[in-house]
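Below: start_10.csv (CSV, C-alpha atoms)
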```csv
chain,number,residue,atom,x,y,z
A,545,ASN,CA,77.9,106.4,103.9
A,546,ALA,CA,80.9,107.3,106.0
A,547,GLY,CA,82.7,103.9,105.9
A,548,VAL,CA,85.7,103.9,108.3
A,549,THR,CA,86.4,107.1,110.2
A,550,GLN,CA,89.6,107.7,112.1
A,551,THR,CA,90.4,110.5,114.5
A,552,PRO,CA,92.6,112.5,114.9
A,553,LYS,CA,94.3,112.8,111.5
A,554,PHE,CA,97.4,114.3,113.0
A,555,GLN,CA,98.9,114.2,116.6
A,556,VAL,CA,102.1,115.1,118.2
A,557,LEU,CA,103.0,113.6,121.5
A,558,LYS,CA,105.9,113.7,123.9
A,559,THR,CA,107.6,110.6,125.0
A,560,GLY,CA,105.7,109.0,127.9
A,561,GLN,CA,102.3,110.6,127.1
A,562,SER,CA,99.3,108.4,126.4
A,563,MET,CA,96.6,108.8,123.8
A,564,THR,CA,93.8,107.0,122.0
A,565,LEU,CA,93.3,106.8,118.3
A,566,GLN,CA,89.6,106.4,117.5
A,567,CYS,CA,88.1,104.3,114.8
A,568,ALA,CA,84.5,103.8,113.9
A,569,GLN,CA,82.8,102.0,111.1
A,570,ASP,CA,79.2,102.1,110.0
A,571,MET,CA,79.1,99.0,107.7
A,572,ASN,CA,78.3,96.5,110.4
A,573,HIS,CA,81.6,94.6,109.7
A,574,GLU,CA,82.5,92.0,112.2
A,575,TYR,CA,86.3,92.3,111.7
A,576,MET,CA,88.3,95.4,112.5
A,577,SER,CA,92.1,95.9,112.7
A,578,TRP,CA,94.8,98.4,113.2
A,579,TYR,CA,97.9,98.7,111.0
A,580,ARG,CA,100.9,100.9,111.2
A,581,GLN,CA,102.7,102.0,108.0
A,582,ASP,CA,106.4,102.8,108.1
A,583,PRO,CA,108.6,103.6,105.1
A,584,GLY,CA,109.9,100.5,103.4
A,585,MET,CA,108.0,98.2,105.7
A,586,GLY,CA,104.5,98.3,104.2
A,587,LEU,CA,101.6,97.8,106.6
A,588,ARG,CA,102.1,95.7,109.8
A,589,LEU,CA,99.2,94.4,111.8
A,590,ILE,CA,99.1,95.6,115.4
A,591,HIS,CA,95.8,94.2,116.8
A,592,TYR,CA,92.7,92.9,115.3
A,593,SER,CA,89.2,91.9,116.4
A,594,VAL,CA,86.7,89.4,115.1
A,595,GLY,CA,83.7,90.8,117.0
A,596,ALA,CA,82.6,92.7,120.0
A,597,GLY,CA,84.5,91.6,123.1
A,598,ILE,CA,87.1,89.6,121.1
A,599,THR,CA,90.6,91.0,120.3
A,600,ASP,CA,93.9,89.4,119.4
A,601,GLN,CA,97.5,90.4,118.8
A,602,GLY,CA,99.0,90.9,115.3
A,603,GLU,CA,102.6,91.2,114.3
A,604,VAL,CA,103.6,94.2,116.3
A,605,PRO,CA,101.4,94.6,119.4
A,606,ASN,CA,103.9,95.8,122.0
A,607,GLY,CA,103.1,99.2,123.4
A,608,TYR,CA,99.5,99.2,122.2
A,609,ASN,CA,96.2,98.3,123.8
A,610,VAL,CA,92.8,97.7,122.2
A,611,SER,CA,89.3,96.9,123.2
A,612,ARG,CA,86.1,96.3,121.3
A,613,SER,CA,82.9,97.0,123.3
A,614,THR,CA,80.7,97.5,120.3
A,615,THR,CA,80.7,96.4,116.7
A,616,GLU,CA,81.2,99.9,115.5
A,617,ASP,CA,84.2,101.1,117.5
A,618,PHE,CA,87.8,99.8,117.8
A,619,PRO,CA,90.0,102.3,119.6
A,620,LEU,CA,93.8,101.9,119.8
A,621,ARG,CA,95.6,103.1,123.0
A,622,LEU,CA,99.2,104.1,123.4
A,623,LEU,CA,99.9,103.8,127.1
A,624,SER,CA,103.3,105.4,127.2
A,625,ALA,CA,104.3,106.8,123.8
A,626,ALA,CA,107.9,106.2,122.5
A,627,PRO,CA,109.6,107.7,119.4
A,628,SER,CA,109.5,104.2,117.8
A,629,GLN,CA,105.8,104.6,117.6
A,630,THR,CA,106.1,107.5,115.2
A,631,SER,CA,104.1,106.2,112.2
A,632,VAL,CA,101.0,106.4,110.2
A,633,TYR,CA,98.2,104.3,111.6
A,634,PHE,CA,95.4,102.8,109.6
A,635,CYS,CA,92.2,101.3,110.9
A,636,ALA,CA,90.4,98.8,108.6
A,637,SER,CA,87.3,96.7,108.7
A,638,SER,CA,86.2,93.7,106.8
A,639,THR,CA,83.7,90.9,106.7
A,640,SER,CA,83.6,87.3,105.5
A,641,HIS,CA,80.5,88.2,103.6
A,642,ASN,CA,82.3,90.3,101.0
A,643,THR,CA,85.2,88.0,100.4
A,644,GLY,CA,87.7,89.8,102.6
A,645,GLU,CA,88.1,93.2,101.1
A,646,LEU,CA,89.6,95.6,103.7
A,647,PHE,CA,88.0,99.0,104.0
A,648,PHE,CA,90.5,101.5,105.3
A,649,GLY,CA,90.2,104.8,107.1
A,650,GLU,CA,92.2,107.8,105.9
A,651,GLY,CA,95.0,107.3,108.4
A,652,SER,CA,96.3,109.0,111.5
A,653,ARG,CA,99.8,110.5,111.4
A,654,LEU,CA,101.4,110.3,114.9
A,655,THR,CA,104.7,111.9,115.8
A,656,VAL,CA,106.3,111.1,119.2
A,657,LEU,CA,109.1,113.5,120.2
B,1331,ALA,CA,104.9,81.8,108.6
B,1332,GLN,CA,103.1,84.1,106.2
B,1333,SER,CA,105.0,86.7,104.3
B,1334,VAL,CA,104.8,88.8,101.2
B,1335,THR,CA,107.7,90.1,99.2
B,1336,GLN,CA,107.7,92.9,96.8
B,1337,PRO,CA,111.2,93.0,95.4
B,1338,ASP,CA,110.9,96.4,93.6
B,1339,ILE,CA,110.8,99.4,95.9
B,1340,HIS,CA,110.6,102.0,93.1
B,1341,ILE,CA,109.6,101.6,89.5
B,1342,THR,CA,109.5,104.4,86.8
B,1343,VAL,CA,107.7,103.8,83.5
B,1344,SER,CA,106.7,106.1,80.7
B,1345,GLU,CA,103.1,107.0,80.2
B,1346,GLY,CA,101.6,104.5,77.7
B,1347,ALA,CA,104.1,101.8,78.5
B,1348,SER,CA,103.2,98.5,80.0
B,1349,LEU,CA,103.7,97.7,83.7
B,1350,GLU,CA,104.4,94.7,85.8
B,1351,LEU,CA,104.8,94.8,89.6
B,1352,ARG,CA,106.1,91.7,91.2
B,1353,CYS,CA,104.7,89.9,94.3
B,1354,ASN,CA,105.8,86.7,95.9
B,1355,TYR,CA,104.1,85.1,98.9
B,1356,SER,CA,104.7,82.5,101.5
B,1357,TYR,CA,101.7,80.8,102.9
B,1358,GLY,CA,101.0,77.3,104.1
B,1359,ALA,CA,97.4,76.9,102.8
B,1360,THR,CA,95.5,78.1,99.7
B,1361,PRO,CA,96.3,81.8,99.6
B,1362,TYR,CA,93.8,84.6,99.3
B,1363,LEU,CA,95.7,87.3,97.4
B,1364,PHE,CA,95.0,91.0,97.0
B,1365,TRP,CA,96.5,94.1,95.4
B,1366,TYR,CA,95.8,97.5,97.0
B,1367,VAL,CA,96.7,101.0,95.7
B,1368,GLN,CA,97.5,104.0,97.9
B,1369,SER,CA,97.5,107.5,96.5
B,1370,PRO,CA,99.5,110.1,98.5
B,1371,GLY,CA,97.9,111.0,101.8
B,1372,GLN,CA,95.1,108.5,101.3
B,1373,GLY,CA,94.1,105.1,102.7
B,1374,LEU,CA,94.3,102.0,100.6
B,1375,GLN,CA,91.9,101.0,97.9
B,1376,LEU,CA,91.4,97.4,96.6
B,1377,LEU,CA,92.4,96.9,93.0
B,1378,LEU,CA,91.7,93.2,92.7
B,1379,LYS,CA,91.7,89.9,94.5
B,1380,TYR,CA,92.2,86.2,93.9
B,1381,PHE,CA,90.5,83.4,95.9
B,1382,SER,CA,90.1,80.5,93.5
B,1383,GLY,CA,89.3,79.6,89.9
B,1384,ASP,CA,90.7,81.4,86.9
B,1385,THR,CA,94.2,82.4,87.7
B,1386,LEU,CA,94.0,85.6,85.7
B,1387,VAL,CA,91.9,88.1,87.6
B,1388,GLN,CA,90.7,91.5,86.4
B,1389,GLY,CA,90.5,94.5,88.6
B,1390,ILE,CA,89.6,98.2,88.5
B,1391,LYS,CA,91.4,100.8,86.5
B,1392,GLY,CA,92.4,98.3,83.8
B,1393,PHE,CA,94.7,96.3,86.1
B,1394,GLU,CA,95.0,92.5,86.1
B,1395,ALA,CA,97.0,90.0,88.0
B,1396,GLU,CA,98.0,86.4,87.5
B,1397,PHE,CA,98.3,83.8,90.2
B,1398,LYS,CA,101.1,81.3,89.6
B,1399,ARG,CA,101.1,78.6,92.4
B,1400,SER,CA,104.3,77.0,91.1
B,1401,GLN,CA,106.1,80.3,91.5
B,1402,SER,CA,104.2,81.5,94.6
B,1403,SER,CA,103.6,84.7,92.7
B,1404,PHE,CA,100.8,87.2,92.1
B,1405,ASN,CA,102.1,89.8,89.7
B,1406,LEU,CA,100.2,92.9,88.8
B,1407,ARG,CA,100.0,94.1,85.2
B,1408,LYS,CA,98.6,96.9,83.2
B,1409,PRO,CA,99.0,97.2,79.4
B,1410,SER,CA,99.2,101.0,79.2
B,1411,VAL,CA,100.0,103.1,82.2
B,1412,HIS,CA,98.4,106.5,82.7
B,1413,TRP,CA,99.9,109.4,84.7
B,1414,SER,CA,97.1,109.0,87.3
B,1415,ASP,CA,98.4,105.5,88.1
B,1416,ALA,CA,101.4,107.0,90.0
B,1417,ALA,CA,100.9,105.7,93.5
B,1418,GLU,CA,102.2,103.1,95.9
B,1419,TYR,CA,101.0,99.5,95.3
B,1420,PHE,CA,100.8,96.8,98.0
B,1421,CYS,CA,100.4,93.1,97.6
B,1422,ALA,CA,98.7,91.3,100.5
B,1423,VAL,CA,97.8,87.7,101.6
B,1424,GLY,CA,94.7,87.0,103.7
B,1425,ALA,CA,94.9,84.6,106.5
B,1426,GLY,CA,92.3,83.0,108.7
B,1427,ASN,CA,88.8,83.8,107.9
B,1428,PHE,CA,89.5,87.2,106.4
B,1429,ASN,CA,90.4,88.8,109.7
B,1430,LYS,CA,94.2,88.9,109.2
B,1431,PHE,CA,96.2,90.3,106.3
B,1432,TYR,CA,99.9,90.4,105.6
B,1433,PHE,CA,101.2,93.1,103.4
B,1434,GLY,CA,104.3,93.5,101.3
B,1435,SER,CA,106.6,96.5,101.7
B,1436,GLY,CA,105.1,98.2,98.7
B,1437,THR,CA,106.2,99.4,95.3
B,1438,LYS,CA,106.2,103.1,94.4
B,1439,LEU,CA,105.3,103.7,90.8
B,1440,ASN,CA,106.4,106.9,89.1
B,1441,VAL,CA,105.0,107.7,85.6
B,1442,LYS,CA,107.1,109.8,83.2
B,1443,PRO,CA,105.2,112.0,80.8
```

Can you dump the structure from the file as structure tokens?
Amino acid sequence: NAGVTQTPKFQVLKTGQSMTLQCAQDMNHEYMSWYRQDPGMGLRLIHYSVGAGITDQGEVPNGYNVSRSTTEDFPLRLLSAAPSQTSVYFCASSTSHNTGELFFGEGSRLTVL
Amino acid sequence: AQSVTQPDIHITVSEGASLELRCNYSYGATPYLFWYVQSPGQGLQLLLKYFSGDTLVQGIKGFEAEFKRSQSSFNLRKPSVHWSDAAEYFCAVGAGNFNKFYFGSGTKLNVKP
């Protein structure tokens, strides 16, 4: 059982480049979300989705785009990368049927030069 | 607005000593509270959660936490720390229908031999 799978694990970008972080889950969870983790700031919610076709903004959505065309996949797009987006990104899934436990991917470390 | 405060950034304890990690939350409704642990280079793993009922909840790895509504606190405790407990610990509050979570900034635990 793979759980939540994120790719790539590491990525280096130049300022202004675009890229997509992929996230897939095989647990049929209705909820998926993206967090960024920065030293001393914990995890901050970027975007989340409550089901296919439905997304909403979290605490720090600027500079990021998401879509959810299937239950399984929830990609995070950086349209024009900035050094402030250097961070570790975590995708997570959850369901109301298991009392809210978040299942995390292993993270994607992004560096923007 | 929802928020979670973990006042201790770093804590060092000796192996075998007791541990208490502090967490205070701000949330308008009945909170759903969680503690997660993150080992280096890994995603987050759920330690325990509180939804309702008994205010002392037991989790994995010998951890427990006590919900105190009057103090808006959800402190994590362990009677005897093991070297393998060295990690970063995050307190979180769940909002909505388990689709949004707000995390504290984390407490890094070091364990002295």

Give as a ChimeraX atom specification every residue of chain A that touches chain B within 6 Å, counting only C-alpha atoms.
/A:575,584-587,640,644,648-650

Pick out the closest residue to A:Glu645 from this set: A:Ser631, A:Met576, A:Asn606, A:Leu620. Count all atoms listed in the file.
A:Met576

Residue with the minimum atom-to-atom distance to B:Ala1331, picked from B:Thr1385, B:Leu1351, B:Asp1415, B:Tyr1357 with all atoms listed in the file counted, is B:Tyr1357

At what distance in Å, to one decimal, does atom CA of B:Arg1399 lie from atom CA of B:Ser1333?
14.9 Å

When you look at B:Ile1341 with a cut-off of 7 Å (counting all atoms listed in the file), what residues show up, excluding the ones that are within fewer than 3 positions of it in the same chain? I need them as a list in words.
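Counting only the stated atoms, we get Asp1338, Lys1438, Leu1439 and Asn1440 of chain B.
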
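Minimum atom-to-atom distance to B:Ala1416, evaluated using all atoms listed in the file, belongs to B:Val1343 out of B:Asp1384, B:Phe1393, B:Tyr1355, B:Val1343.
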
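In this structure, atom CA of A:Gln550 sits 24.0 Å away from atom CA of B:Val1423.
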
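Our summary of the geometry notes that atom CA of A:Thr630 is positioned 27.8 Å from atom CA of A:Thr614.
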
Identify, on the basis of only C-alpha atoms, every residue whose closest approach to A:Phe634 does not exceed 6 Å; exclude the query and any residue fewer than 5 positions from it along the same chain; express the result as number ranges by chain.
A: 578-579, 651

In terms of only C-alpha atoms, the residue from A:Ser562, A:Thr615, A:Asn609, A:Thr655 at minimal distance from A:Ser637 is A:Thr615

Could you give me, as an MDAnalysis selection string, the residues within 6 Å of A:Val656, counting only C-alpha atoms and dropping anything in the same chain fewer than 3 positions from it?
chainID A and resid 556:559 627 630
